file upload_28.tsv (TSV, N, CA and C atoms)
chain	number	residue	atom	x	y	z
A	295	GLN	N	6.26	18.73	16.55
A	295	GLN	CA	6.15	18.12	15.24
A	295	GLN	C	5.49	16.75	15.36
A	296	VAL	N	4.58	16.52	14.45
A	296	VAL	CA	3.87	15.25	14.42
A	296	VAL	C	4.39	14.45	13.23
A	297	PRO	N	4.99	13.28	13.46
A	297	PRO	CA	5.47	12.47	12.33
A	297	PRO	C	4.30	11.91	11.53
A	298	LEU	N	4.36	12.05	10.21
A	298	LEU	CA	3.26	11.64	9.34
A	298	LEU	C	3.80	10.93	8.12
A	299	VAL	N	3.17	9.81	7.75
A	299	VAL	CA	3.56	9.05	6.56
A	299	VAL	C	2.30	8.70	5.79
A	300	GLU	N	2.23	9.22	4.56
A	300	GLU	CA	1.06	8.96	3.72
A	300	GLU	C	1.29	7.76	2.80
A	301	SER	N	0.19	7.15	2.41
A	301	SER	CA	0.23	6.06	1.43
A	301	SER	C	-1.15	5.94	0.80
A	302	GLY	N	-1.24	5.10	-0.21
A	302	GLY	CA	-2.53	4.80	-0.81
A	302	GLY	C	-2.78	5.45	-2.15
A	303	GLY	N	-1.89	6.35	-2.56
A	303	GLY	CA	-2.07	6.98	-3.85
A	303	GLY	C	-1.81	6.00	-4.98
A	304	GLY	N	-2.10	6.45	-6.18
A	304	GLY	CA	-1.88	5.61	-7.34
A	304	GLY	C	-2.64	6.14	-8.53
A	305	SER	N	-2.72	5.31	-9.55
A	305	SER	CA	-3.44	5.67	-10.76
A	305	SER	C	-4.80	5.01	-10.77
A	306	VAL	N	-5.80	5.76	-11.15
A	306	VAL	CA	-7.17	5.25	-11.17
A	306	VAL	C	-7.92	5.91	-12.31
A	307	GLN	N	-8.89	5.22	-12.83
A	307	GLN	CA	-9.71	5.81	-13.89
A	307	GLN	C	-10.80	6.68	-13.30
A	308	ALA	N	-11.26	7.62	-14.08
A	308	ALA	CA	-12.34	8.48	-13.65
A	308	ALA	C	-13.54	7.64	-13.20
A	309	GLY	N	-14.13	8.06	-12.10
A	309	GLY	CA	-15.25	7.32	-11.54
A	309	GLY	C	-14.85	6.30	-10.50
A	310	GLY	N	-13.56	6.06	-10.39
A	310	GLY	CA	-13.05	5.07	-9.45
A	310	GLY	C	-12.88	5.62	-8.05
A	311	SER	N	-12.28	4.79	-7.19
A	311	SER	CA	-12.10	5.14	-5.78
A	311	SER	C	-10.69	4.82	-5.32
A	312	LEU	N	-10.27	5.54	-4.31
A	312	LEU	CA	-9.00	5.29	-3.63
A	312	LEU	C	-9.19	5.61	-2.16
A	313	ARG	N	-8.37	4.97	-1.34
A	313	ARG	CA	-8.33	5.35	0.07
A	313	ARG	C	-6.91	5.72	0.44
A	314	LEU	N	-6.73	6.95	0.86
A	314	LEU	CA	-5.43	7.42	1.29
A	314	LEU	C	-5.30	7.25	2.79
A	315	SER	N	-4.09	6.94	3.23
A	315	SER	CA	-3.82	6.76	4.65
A	315	SER	C	-2.69	7.69	5.09
A	316	CYS	N	-2.78	8.12	6.33
A	316	CYS	CA	-1.73	8.96	6.93
A	316	CYS	C	-1.51	8.43	8.33
A	317	VAL	N	-0.36	7.81	8.52
A	317	VAL	CA	-0.06	7.16	9.79
A	317	VAL	C	0.86	8.05	10.61
A	318	THR	N	0.54	8.17	11.88
A	318	THR	CA	1.42	8.88	12.78
A	318	THR	C	1.93	7.91	13.84
A	319	SER	N	2.81	8.38	14.69
A	319	SER	CA	3.39	7.51	15.71
A	319	SER	C	3.79	8.35	16.91
A	320	GLY	N	4.02	7.66	18.01
A	320	GLY	CA	4.52	8.34	19.19
A	320	GLY	C	3.45	8.93	20.08
A	321	TYR	N	2.18	8.65	19.75
A	321	TYR	CA	1.10	9.20	20.55
A	321	TYR	C	0.18	8.07	21.02
A	322	ASN	N	-0.48	8.30	22.14
A	322	ASN	CA	-1.50	7.35	22.53
A	322	ASN	C	-2.82	7.73	21.87
A	323	GLY	N	-3.79	6.86	22.00
A	323	GLY	CA	-5.06	7.08	21.32
A	323	GLY	C	-5.75	8.36	21.74
A	324	TYR	N	-5.66	8.70	23.01
A	324	TYR	CA	-6.35	9.91	23.47
A	324	TYR	C	-5.74	11.15	22.82
A	325	ILE	N	-4.42	11.24	22.83
A	325	ILE	CA	-3.77	12.40	22.21
A	325	ILE	C	-4.09	12.43	20.72
A	326	PHE	N	-4.01	11.26	20.07
A	326	PHE	CA	-4.29	11.22	18.64
A	326	PHE	C	-5.70	11.72	18.33
A	327	SER	N	-6.64	11.35	19.19
A	327	SER	CA	-8.02	11.79	18.95
A	327	SER	C	-8.16	13.30	19.07
A	328	ARG	N	-7.22	13.95	19.73
A	328	ARG	CA	-7.30	15.39	19.95
A	328	ARG	C	-6.46	16.20	18.95
A	329	ILE	N	-5.75	15.49	18.09
A	329	ILE	CA	-4.93	16.19	17.10
A	329	ILE	C	-5.82	16.61	15.92
A	330	ALA	N	-5.76	17.89	15.57
A	330	ALA	CA	-6.44	18.35	14.36
A	330	ALA	C	-5.63	17.88	13.15
A	331	MET	N	-6.30	17.27	12.21
A	331	MET	CA	-5.60	16.71	11.05
A	331	MET	C	-6.39	17.00	9.78
A	332	GLY	N	-5.70	16.98	8.67
A	332	GLY	CA	-6.40	17.24	7.43
A	332	GLY	C	-5.61	16.80	6.22
A	333	TRP	N	-6.29	16.80	5.10
A	333	TRP	CA	-5.70	16.47	3.81
A	333	TRP	C	-5.69	17.72	2.92
A	334	PHE	N	-4.55	17.94	2.30
A	334	PHE	CA	-4.39	19.00	1.33
A	334	PHE	C	-3.92	18.37	0.02
A	335	ARG	N	-4.07	19.10	-1.06
A	335	ARG	CA	-3.56	18.60	-2.33
A	335	ARG	C	-2.99	19.76	-3.14
A	336	GLN	N	-2.05	19.41	-3.98
A	336	GLN	CA	-1.46	20.40	-4.88
A	336	GLN	C	-1.28	19.77	-6.25
A	337	ALA	N	-1.98	20.34	-7.20
A	337	ALA	CA	-1.86	19.89	-8.58
A	337	ALA	C	-0.75	20.68	-9.26
A	338	PRO	N	-0.16	20.14	-10.31
A	338	PRO	CA	0.91	20.85	-11.02
A	338	PRO	C	0.47	22.23	-11.46
A	339	GLY	N	1.25	23.24	-11.12
A	339	GLY	CA	0.95	24.60	-11.52
A	339	GLY	C	-0.12	25.29	-10.71
A	340	LYS	N	-0.59	24.63	-9.67
A	340	LYS	CA	-1.66	25.22	-8.85
A	340	LYS	C	-1.23	25.36	-7.41
A	341	GLN	N	-1.94	26.20	-6.67
A	341	GLN	CA	-1.64	26.36	-5.26
A	341	GLN	C	-2.19	25.18	-4.46
A	342	ARG	N	-1.58	24.96	-3.34
A	342	ARG	CA	-2.07	23.93	-2.43
A	342	ARG	C	-3.45	24.32	-1.90
A	343	GLU	N	-4.32	23.35	-1.79
A	343	GLU	CA	-5.66	23.63	-1.28
A	343	GLU	C	-6.07	22.57	-0.27
A	344	GLY	N	-6.86	23.00	0.69
A	344	GLY	CA	-7.40	22.07	1.66
A	344	GLY	C	-8.50	21.24	1.03
A	345	VAL	N	-8.53	19.96	1.35
A	345	VAL	CA	-9.53	19.05	0.79
A	345	VAL	C	-10.53	18.65	1.87
A	346	ALA	N	-10.01	18.16	2.98
A	346	ALA	CA	-10.87	17.72	4.08
A	346	ALA	C	-10.05	17.75	5.35
A	347	ALA	N	-10.70	18.05	6.46
A	347	ALA	CA	-9.99	18.11	7.73
A	347	ALA	C	-10.93	17.76	8.87
A	348	ILE	N	-10.33	17.33	9.96
A	348	ILE	CA	-11.10	16.99	11.14
A	348	ILE	C	-10.44	17.65	12.34
A	349	ASP	N	-11.22	18.40	13.08
A	349	ASP	CA	-10.68	19.18	14.18
A	349	ASP	C	-10.57	18.33	15.44
A	350	SER	N	-9.99	18.92	16.47
A	350	SER	CA	-9.77	18.20	17.71
A	350	SER	C	-11.06	17.77	18.39
A	351	ASP	N	-12.16	18.45	18.08
A	351	ASP	CA	-13.45	18.07	18.67
A	351	ASP	C	-14.25	17.16	17.76
A	352	GLY	N	-13.65	16.73	16.64
A	352	GLY	CA	-14.32	15.82	15.73
A	352	GLY	C	-15.06	16.51	14.59
A	353	THR	N	-15.10	17.82	14.60
A	353	THR	CA	-15.78	18.55	13.53
A	353	THR	C	-15.05	18.33	12.21
A	354	GLU	N	-15.81	17.99	11.17
A	354	GLU	CA	-15.24	17.75	9.85
A	354	GLU	C	-15.50	18.95	8.94
A	355	VAL	N	-14.51	19.24	8.12
A	355	VAL	CA	-14.61	20.33	7.16
A	355	VAL	C	-14.21	19.80	5.79
A	356	TYR	N	-14.97	20.17	4.78
A	356	TYR	CA	-14.68	19.72	3.42
A	356	TYR	C	-14.65	20.91	2.46
A	357	ALA	N	-13.74	20.84	1.52
A	357	ALA	CA	-13.79	21.77	0.41
A	357	ALA	C	-15.03	21.48	-0.42
A	358	ASP	N	-15.54	22.50	-1.10
A	358	ASP	CA	-16.74	22.29	-1.92
A	358	ASP	C	-16.51	21.18	-2.95
A	359	SER	N	-15.31	21.10	-3.47
A	359	SER	CA	-15.01	20.10	-4.50
A	359	SER	C	-15.01	18.68	-3.94
A	360	ALA	N	-14.91	18.56	-2.62
A	360	ALA	CA	-14.84	17.25	-2.00
A	360	ALA	C	-16.18	16.78	-1.42
A	361	LYS	N	-17.07	17.70	-1.20
A	361	LYS	CA	-18.33	17.35	-0.55
A	361	LYS	C	-19.11	16.34	-1.39
A	362	GLY	N	-19.57	15.31	-0.71
A	362	GLY	CA	-20.36	14.29	-1.38
A	362	GLY	C	-19.55	13.22	-2.07
A	363	ARG	N	-18.23	13.42	-2.19
A	363	ARG	CA	-17.37	12.44	-2.86
A	363	ARG	C	-16.27	11.89	-1.95
A	364	PHE	N	-15.72	12.75	-1.08
A	364	PHE	CA	-14.62	12.35	-0.22
A	364	PHE	C	-15.09	12.28	1.22
A	365	THR	N	-14.47	11.36	1.97
A	365	THR	CA	-14.80	11.23	3.39
A	365	THR	C	-13.52	11.12	4.19
A	366	ILE	N	-13.41	11.95	5.21
A	366	ILE	CA	-12.25	11.89	6.10
A	366	ILE	C	-12.63	11.14	7.36
A	367	SER	N	-11.68	10.38	7.88
A	367	SER	CA	-11.97	9.64	9.11
A	367	SER	C	-10.67	9.34	9.84
A	368	LYS	N	-10.80	9.05	11.12
A	368	LYS	CA	-9.66	8.69	11.96
A	368	LYS	C	-9.90	7.29	12.53
A	369	ASP	N	-8.85	6.48	12.53
A	369	ASP	CA	-8.86	5.21	13.25
A	369	ASP	C	-7.92	5.39	14.43
A	370	ILE	N	-8.49	5.58	15.60
A	370	ILE	CA	-7.67	5.88	16.76
A	370	ILE	C	-6.78	4.72	17.13
A	371	ALA	N	-7.29	3.51	17.01
A	371	ALA	CA	-6.50	2.32	17.38
A	371	ALA	C	-5.27	2.20	16.49
A	372	LYS	N	-5.39	2.62	15.23
A	372	LYS	CA	-4.28	2.50	14.28
A	372	LYS	C	-3.50	3.81	14.14
A	373	LEU	N	-3.89	4.84	14.86
A	373	LEU	CA	-3.24	6.15	14.76
A	373	LEU	C	-3.16	6.60	13.31
A	374	THR	N	-4.24	6.42	12.60
A	374	THR	CA	-4.25	6.66	11.16
A	374	THR	C	-5.42	7.56	10.76
A	375	LEU	N	-5.09	8.49	9.87
A	375	LEU	CA	-6.09	9.34	9.25
A	375	LEU	C	-6.33	8.81	7.84
A	376	TYR	N	-7.58	8.75	7.44
A	376	TYR	CA	-7.92	8.26	6.11
A	376	TYR	C	-8.63	9.35	5.30
A	377	LEU	N	-8.51	9.22	4.00
A	377	LEU	CA	-9.33	10.01	3.08
A	377	LEU	C	-9.85	9.05	2.02
A	378	GLN	N	-11.13	8.80	2.05
A	378	GLN	CA	-11.77	7.97	1.04
A	378	GLN	C	-12.19	8.86	-0.12
A	379	LEU	N	-11.67	8.55	-1.29
A	379	LEU	CA	-11.99	9.30	-2.49
A	379	LEU	C	-12.88	8.45	-3.37
A	380	ASN	N	-14.07	8.92	-3.65
A	380	ASN	CA	-15.00	8.21	-4.52
A	380	ASN	C	-15.35	9.08	-5.73
A	381	ASN	N	-15.70	8.42	-6.81
A	381	ASN	CA	-16.12	9.13	-8.03
A	381	ASN	C	-15.10	10.21	-8.42
A	382	VAL	N	-13.85	9.81	-8.47
A	382	VAL	CA	-12.80	10.79	-8.78
A	382	VAL	C	-12.84	11.16	-10.26
A	383	GLY	N	-12.28	12.33	-10.54
A	383	GLY	CA	-12.17	12.81	-11.91
A	383	GLY	C	-10.76	13.31	-12.16
A	384	PRO	N	-10.43	13.60	-13.41
A	384	PRO	CA	-9.08	14.10	-13.72
A	384	PRO	C	-8.70	15.33	-12.90
A	385	GLU	N	-9.69	16.11	-12.49
A	385	GLU	CA	-9.41	17.32	-11.69
A	385	GLU	C	-8.91	16.99	-10.29
A	386	ASP	N	-9.01	15.75	-9.90
A	386	ASP	CA	-8.52	15.32	-8.57
A	386	ASP	C	-7.07	14.87	-8.62
A	387	THR	N	-6.47	14.88	-9.80
A	387	THR	CA	-5.06	14.53	-9.93
A	387	THR	C	-4.21	15.55	-9.18
A	388	ALA	N	-3.40	15.06	-8.24
A	388	ALA	CA	-2.60	15.96	-7.41
A	388	ALA	C	-1.72	15.14	-6.48
A	389	MET	N	-0.81	15.83	-5.82
A	389	MET	CA	-0.09	15.26	-4.68
A	389	MET	C	-0.92	15.55	-3.45
A	390	TYR	N	-1.26	14.52	-2.73
A	390	TYR	CA	-2.07	14.66	-1.53
A	390	TYR	C	-1.17	14.53	-0.31
A	391	CYS	N	-1.26	15.50	0.59
A	391	CYS	CA	-0.46	15.50	1.81
A	391	CYS	C	-1.37	15.64	3.02
A	392	CYS	N	-0.97	15.02	4.10
A	392	CYS	CA	-1.72	15.22	5.33
A	392	CYS	C	-0.94	16.17	6.23
A	393	ALA	N	-1.68	16.86	7.06
A	393	ALA	CA	-1.13	17.81	8.00
A	393	ALA	C	-1.77	17.59	9.35
A	394	ALA	N	-1.05	17.93	10.39
A	394	ALA	CA	-1.56	17.73	11.73
A	394	ALA	C	-0.98	18.76	12.66
A	395	THR	N	-1.79	19.16	13.63
A	395	THR	CA	-1.30	20.10	14.63
A	395	THR	C	-2.05	19.91	15.94
A	396	LEU	N	-1.32	20.08	17.02
A	396	LEU	CA	-1.91	20.12	18.35
A	396	LEU	C	-2.16	21.56	18.78
A	397	ALA	N	-1.63	22.49	18.02
A	397	ALA	CA	-1.75	23.90	18.37
A	397	ALA	C	-3.08	24.46	17.92
A	398	GLY	N	-3.54	25.47	18.60
A	398	GLY	CA	-4.78	26.13	18.23
A	398	GLY	C	-4.63	27.63	18.37
A	399	ASP	N	-5.18	28.36	17.40
A	399	ASP	CA	-5.11	29.81	17.49
A	399	ASP	C	-6.41	30.47	17.07
A	400	GLY	N	-7.45	29.68	16.97
A	400	GLY	CA	-8.75	30.24	16.67
A	400	GLY	C	-9.07	30.43	15.21
A	401	ARG	N	-8.08	30.20	14.34
A	401	ARG	CA	-8.35	30.37	12.92
A	401	ARG	C	-9.12	29.18	12.37
A	402	PRO	N	-9.74	29.37	11.21
A	402	PRO	CA	-10.40	28.23	10.56
A	402	PRO	C	-9.43	27.07	10.38
A	403	LEU	N	-9.97	25.88	10.34
A	403	LEU	CA	-9.14	24.68	10.42
A	403	LEU	C	-8.13	24.58	9.28
A	404	PHE	N	-8.56	24.80	8.05
A	404	PHE	CA	-7.61	24.70	6.94
A	404	PHE	C	-6.46	25.70	7.11
A	405	SER	N	-6.76	26.91	7.53
A	405	SER	CA	-5.73	27.93	7.71
A	405	SER	C	-4.80	27.54	8.85
A	406	ARG	N	-5.38	27.01	9.92
A	406	ARG	CA	-4.58	26.61	11.08
A	406	ARG	C	-3.63	25.48	10.72
A	407	LEU	N	-4.13	24.50	10.02
A	407	LEU	CA	-3.28	23.38	9.61
A	407	LEU	C	-2.20	23.84	8.64
A	408	SER	N	-2.59	24.71	7.70
A	408	SER	CA	-1.64	25.16	6.71
A	408	SER	C	-0.49	25.93	7.34
A	409	SER	N	-0.78	26.69	8.38
A	409	SER	CA	0.24	27.52	9.01
A	409	SER	C	1.01	26.82	10.13
A	410	LEU	N	0.33	26.00	10.88
A	410	LEU	CA	0.92	25.43	12.10
A	410	LEU	C	1.25	23.95	11.99
A	411	GLY	N	0.77	23.31	10.93
A	411	GLY	CA	0.84	21.86	10.89
A	411	GLY	C	2.19	21.28	10.53
A	412	SER	N	2.38	20.04	10.98
A	412	SER	CA	3.45	19.19	10.49
A	412	SER	C	2.93	18.54	9.22
A	413	TRP	N	3.84	18.19	8.32
A	413	TRP	CA	3.43	17.67	7.02
A	413	TRP	C	4.14	16.36	6.70
A	414	GLY	N	3.42	15.49	6.00
A	414	GLY	CA	4.04	14.30	5.47
A	414	GLY	C	4.63	14.59	4.10
A	415	GLN	N	5.20	13.56	3.47
A	415	GLN	CA	5.83	13.72	2.17
A	415	GLN	C	4.83	13.69	1.02
A	416	GLY	N	3.68	13.15	1.28
A	416	GLY	CA	2.63	13.13	0.26
A	416	GLY	C	2.52	11.82	-0.46
A	417	THR	N	1.38	11.64	-1.09
A	417	THR	CA	1.13	10.48	-1.93
A	417	THR	C	0.41	10.96	-3.18
A	418	LYS	N	0.87	10.48	-4.33
A	418	LYS	CA	0.38	11.02	-5.59
A	418	LYS	C	-0.84	10.27	-6.09
A	419	VAL	N	-1.82	11.04	-6.52
A	419	VAL	CA	-3.04	10.48	-7.11
A	419	VAL	C	-3.13	10.96	-8.56
A	420	THR	N	-3.27	10.02	-9.46
A	420	THR	CA	-3.42	10.34	-10.88
A	420	THR	C	-4.71	9.73	-11.39
A	421	VAL	N	-5.58	10.56	-11.93
A	421	VAL	CA	-6.86	10.09	-12.43
A	421	VAL	C	-6.90	10.28	-13.94
A	422	SER	N	-7.16	9.21	-14.64
A	422	SER	CA	-7.25	9.28	-16.10
A	422	SER	C	-8.70	9.30	-16.54
A	423	ALA	N	-8.94	10.01	-17.62
A	423	ALA	CA	-10.31	10.15	-18.12
A	423	ALA	C	-10.82	8.86	-18.73

call {"tool": "encode", "arguments": {"input": "upload_28.tsv", "output": "structure tokens"}}
result
Amino acid sequence: QVPLVESGGGSVQAGGSLRLSCVTSGYNGYIFSRIAMGWFRQAPGKQREGVAAIDSDGTEVYADSAKGRFTISKDIAKLTLYLQLNNVGPEDTAMYCCAATLAGDGRPLFSRLSSLGSWGQGTKVTVSA
């Protein structure tokens, strides 16, 4: 299990920006750099969906809805995963959670994280029109 604590959510107007953070602990920088991590979101009444993820080799994956607007990144020194949200819209309103796993089973990254990952409690993002 990877301990994860998210922050950075809040209320923002459409077109605005937010940066979400997911801090872990108990690992050194090398191990942290090798942990596959990602951001998922769940809007009220909808299924959880993958937003952006970064694999153990640094490969980044984005949902179509996130491409061109969101950026995922890792700060190894701070053991922190970030999600920069730009040009948000009301459709981005959701609870955002980060997931992480050291395990690998060959599945696509979102599926692997969803099935094998440790999860944080989430941070809520509300976008007003």

call {"tool": "residues_near_point", "arguments": {"input": "upload_28.tsv", "point": "(-9.6, 16.4, 18.5)", "cutoff": "8 Å", "atoms": "only N, CA and C atoms", "output": "JSON, numbers by chain"}}
result
{"A": [324, 325, 326, 327, 328, 329, 330, 331, 348, 349, 350, 351, 352, 353]}

call {"tool": "residues_around", "arguments": {"input": "upload_28.tsv", "residues": "Arg335 of chain A", "least_positions_apart": "4", "cutoff": "8 Å", "atoms": "all atoms listed in the file", "output": "list in words"}}
result
Lys340, Gln341, Arg342, Glu343, Gly344, Val345, Ala346, Thr387, Ala388, Met389, Tyr390, Cys391 and Cys392 of chain A

call {"tool": "residues_around", "arguments": {"input": "upload_28.tsv", "residues": "segment 297-308 of chain A", "least_positions_apart": "4", "cutoff": "6 Å", "atoms": "all atoms listed in the file", "output": "compact mmCIF listing (two decimals) with N, CA and C atoms, in the frame of the given file"}}
result
# COMPACT_ATOMS: atom_id res chain seq x y z
N ARG A 313 -8.37 4.97 -1.34
CA ARG A 313 -8.33 5.35 0.07
C ARG A 313 -6.91 5.72 0.44
N LEU A 314 -6.73 6.95 0.86
CA LEU A 314 -5.43 7.42 1.29
C LEU A 314 -5.30 7.25 2.79
N SER A 315 -4.09 6.94 3.23
CA SER A 315 -3.82 6.76 4.65
C SER A 315 -2.69 7.69 5.09
N CYS A 316 -2.78 8.12 6.33
CA CYS A 316 -1.73 8.96 6.93
C CYS A 316 -1.51 8.43 8.33
N VAL A 317 -0.36 7.81 8.52
CA VAL A 317 -0.06 7.16 9.79
C VAL A 317 0.86 8.05 10.61
N THR A 318 0.54 8.17 11.88
CA THR A 318 1.42 8.88 12.78
C THR A 318 1.93 7.91 13.84
N SER A 319 2.81 8.38 14.69
CA SER A 319 3.39 7.51 15.71
C SER A 319 3.79 8.35 16.91
N ASN A 381 -15.70 8.42 -6.81
CA ASN A 381 -16.12 9.13 -8.03
C ASN A 381 -15.10 10.21 -8.42
N VAL A 382 -13.85 9.81 -8.47
CA VAL A 382 -12.80 10.79 -8.78
C VAL A 382 -12.84 11.16 -10.26
N GLY A 383 -12.28 12.33 -10.54
CA GLY A 383 -12.17 12.81 -11.91
C GLY A 383 -10.76 13.31 -12.16
N PRO A 384 -10.43 13.60 -13.41
CA PRO A 384 -9.08 14.10 -13.72
C PRO A 384 -8.70 15.33 -12.90
N TRP A 413 3.84 18.19 8.32
CA TRP A 413 3.43 17.67 7.02
C TRP A 413 4.14 16.36 6.70
N GLY A 414 3.42 15.49 6.00
CA GLY A 414 4.04 14.30 5.47
C GLY A 414 4.63 14.59 4.10
N GLN A 415 5.20 13.56 3.47
CA GLN A 415 5.83 13.72 2.17
C GLN A 415 4.83 13.69 1.02
N GLY A 416 3.68 13.15 1.28
CA GLY A 416 2.63 13.13 0.26
C GLY A 416 2.52 11.82 -0.46
N THR A 417 1.38 11.64 -1.09
CA THR A 417 1.13 10.48 -1.93
C THR A 417 0.41 10.96 -3.18
N LYS A 418 0.87 10.48 -4.33
CA LYS A 418 0.38 11.02 -5.59
C LYS A 418 -0.84 10.27 -6.09
N VAL A 419 -1.82 11.04 -6.52
CA VAL A 419 -3.04 10.48 -7.11
C VAL A 419 -3.13 10.96 -8.56
N THR A 420 -3.27 10.02 -9.46
CA THR A 420 -3.42 10.34 -10.88
C THR A 420 -4.71 9.73 -11.39
N VAL A 421 -5.58 10.56 -11.93
CA VAL A 421 -6.86 10.09 -12.43
C VAL A 421 -6.90 10.28 -13.94
N SER A 422 -7.16 9.21 -14.64
CA SER A 422 -7.25 9.28 -16.10
C SER A 422 -8.70 9.30 -16.54
N ALA A 423 -8.94 10.01 -17.62
CA ALA A 423 -10.31 10.15 -18.12
C ALA A 423 -10.82 8.86 -18.73

call {"tool": "residues_around", "arguments": {"input": "upload_28.tsv", "residues": "Gln295 of chain A", "least_positions_apart": "6", "cutoff": "8 Å", "atoms": "only N, CA and C atoms", "output": "PyMOL selection string"}}
result
chain A and resi 394-396+411-413

call {"tool": "atom_distance", "arguments": {"input": "upload_28.tsv", "atom1": "atom CA of Leu377 of chain A", "atom2": "atom C of Gly400 of chain A"}}
result
23.8 Å

call {"tool": "select_by_dssp", "arguments": {"input": "upload_28.tsv", "residues": "chain A", "states": "strand (DSSP E)", "output": "PyMOL selection string"}}
result
chain A and resi 298-301+304-307+312-318+330-336+343-348+354-356+364-369+374-379+388-395+412-413+417-422

call {"tool": "closest_residue", "arguments": {"input": "upload_28.tsv", "among": "A:Leu312, A:Ile370, A:Ser359, A:Asp386", "to": "Gln336 of chain A", "atoms": "all atoms listed in the file"}}
result
A:Asp386

call {"tool": "atom_distance", "arguments": {"input": "upload_28.tsv", "atom1": "atom CA of Gly398 of chain A", "atom2": "atom CA of Phe334 of chain A"}}
result
18.3 Å

call {"tool": "build_atoms", "arguments": {"input": "upload_28.tsv", "residues": "segment 350-356 of chain A", "atoms": "all heavy atoms", "output": "mmCIF file, in the coordinates of the input"}}
result
data_model
loop_
_atom_site.group_PDB
_atom_site.id
_atom_site.type_symbol
_atom_site.label_atom_id
_atom_site.label_comp_id
_atom_site.auth_asym_id
_atom_site.auth_seq_id
_atom_site.Cartn_x
_atom_site.Cartn_y
_atom_site.Cartn_z
ATOM 1 N N SER A 350 -9.990 18.920 16.470
ATOM 2 C CA SER A 350 -9.770 18.200 17.710
ATOM 3 C C SER A 350 -11.060 17.770 18.390
ATOM 4 O O SER A 350 -11.072 16.810 19.164
ATOM 5 C CB SER A 350 -8.942 19.055 18.676
ATOM 6 O OG SER A 350 -9.598 20.286 18.917
ATOM 7 N N ASP A 351 -12.160 18.450 18.080
ATOM 8 C CA ASP A 351 -13.450 18.070 18.670
ATOM 9 C C ASP A 351 -14.250 17.160 17.760
ATOM 10 O O ASP A 351 -15.414 16.862 18.044
ATOM 11 C CB ASP A 351 -14.268 19.317 19.014
ATOM 12 C CG ASP A 351 -14.631 20.138 17.788
ATOM 13 O OD1 ASP A 351 -14.220 19.767 16.660
ATOM 14 O OD2 ASP A 351 -15.326 21.158 17.946
ATOM 15 N N GLY A 352 -13.650 16.730 16.640
ATOM 16 C CA GLY A 352 -14.320 15.820 15.730
ATOM 17 C C GLY A 352 -15.060 16.510 14.590
ATOM 18 O O GLY A 352 -15.606 15.825 13.713
ATOM 19 N N THR A 353 -15.100 17.820 14.600
ATOM 20 C CA THR A 353 -15.780 18.550 13.530
ATOM 21 C C THR A 353 -15.050 18.330 12.210
ATOM 22 O O THR A 353 -13.843 18.449 12.142
ATOM 23 C CB THR A 353 -15.820 20.052 13.831
ATOM 24 O OG1 THR A 353 -16.501 20.274 15.066
ATOM 25 C CG2 THR A 353 -16.533 20.803 12.721
ATOM 26 N N GLU A 354 -15.810 17.990 11.170
ATOM 27 C CA GLU A 354 -15.240 17.750 9.850
ATOM 28 C C GLU A 354 -15.500 18.950 8.940
ATOM 29 O O GLU A 354 -16.568 19.548 8.968
ATOM 30 C CB GLU A 354 -15.826 16.482 9.244
ATOM 31 C CG GLU A 354 -15.513 15.229 10.043
ATOM 32 C CD GLU A 354 -16.175 13.985 9.479
ATOM 33 O OE1 GLU A 354 -16.780 14.079 8.398
ATOM 34 O OE2 GLU A 354 -16.086 12.928 10.120
ATOM 35 N N VAL A 355 -14.510 19.240 8.120
ATOM 36 C CA VAL A 355 -14.610 20.330 7.160
ATOM 37 C C VAL A 355 -14.210 19.800 5.790
ATOM 38 O O VAL A 355 -13.225 19.059 5.682
ATOM 39 C CB VAL A 355 -13.685 21.509 7.559
ATOM 40 C CG1 VAL A 355 -13.742 22.612 6.519
ATOM 41 C CG2 VAL A 355 -14.070 22.055 8.921
ATOM 42 N N TYR A 356 -14.970 20.170 4.780
ATOM 43 C CA TYR A 356 -14.680 19.720 3.420
ATOM 44 C C TYR A 356 -14.650 20.910 2.460
ATOM 45 O O TYR A 356 -15.450 21.844 2.574
ATOM 46 C CB TYR A 356 -15.736 18.734 2.929
ATOM 47 C CG TYR A 356 -15.728 17.417 3.637
ATOM 48 C CD1 TYR A 356 -16.515 17.194 4.768
ATOM 49 C CD2 TYR A 356 -14.918 16.365 3.183
ATOM 50 C CE1 TYR A 356 -16.500 15.971 5.426
ATOM 51 C CE2 TYR A 356 -14.900 15.151 3.828
ATOM 52 C CZ TYR A 356 -15.692 14.961 4.953
ATOM 53 O OH TYR A 356 -15.663 13.736 5.596
#
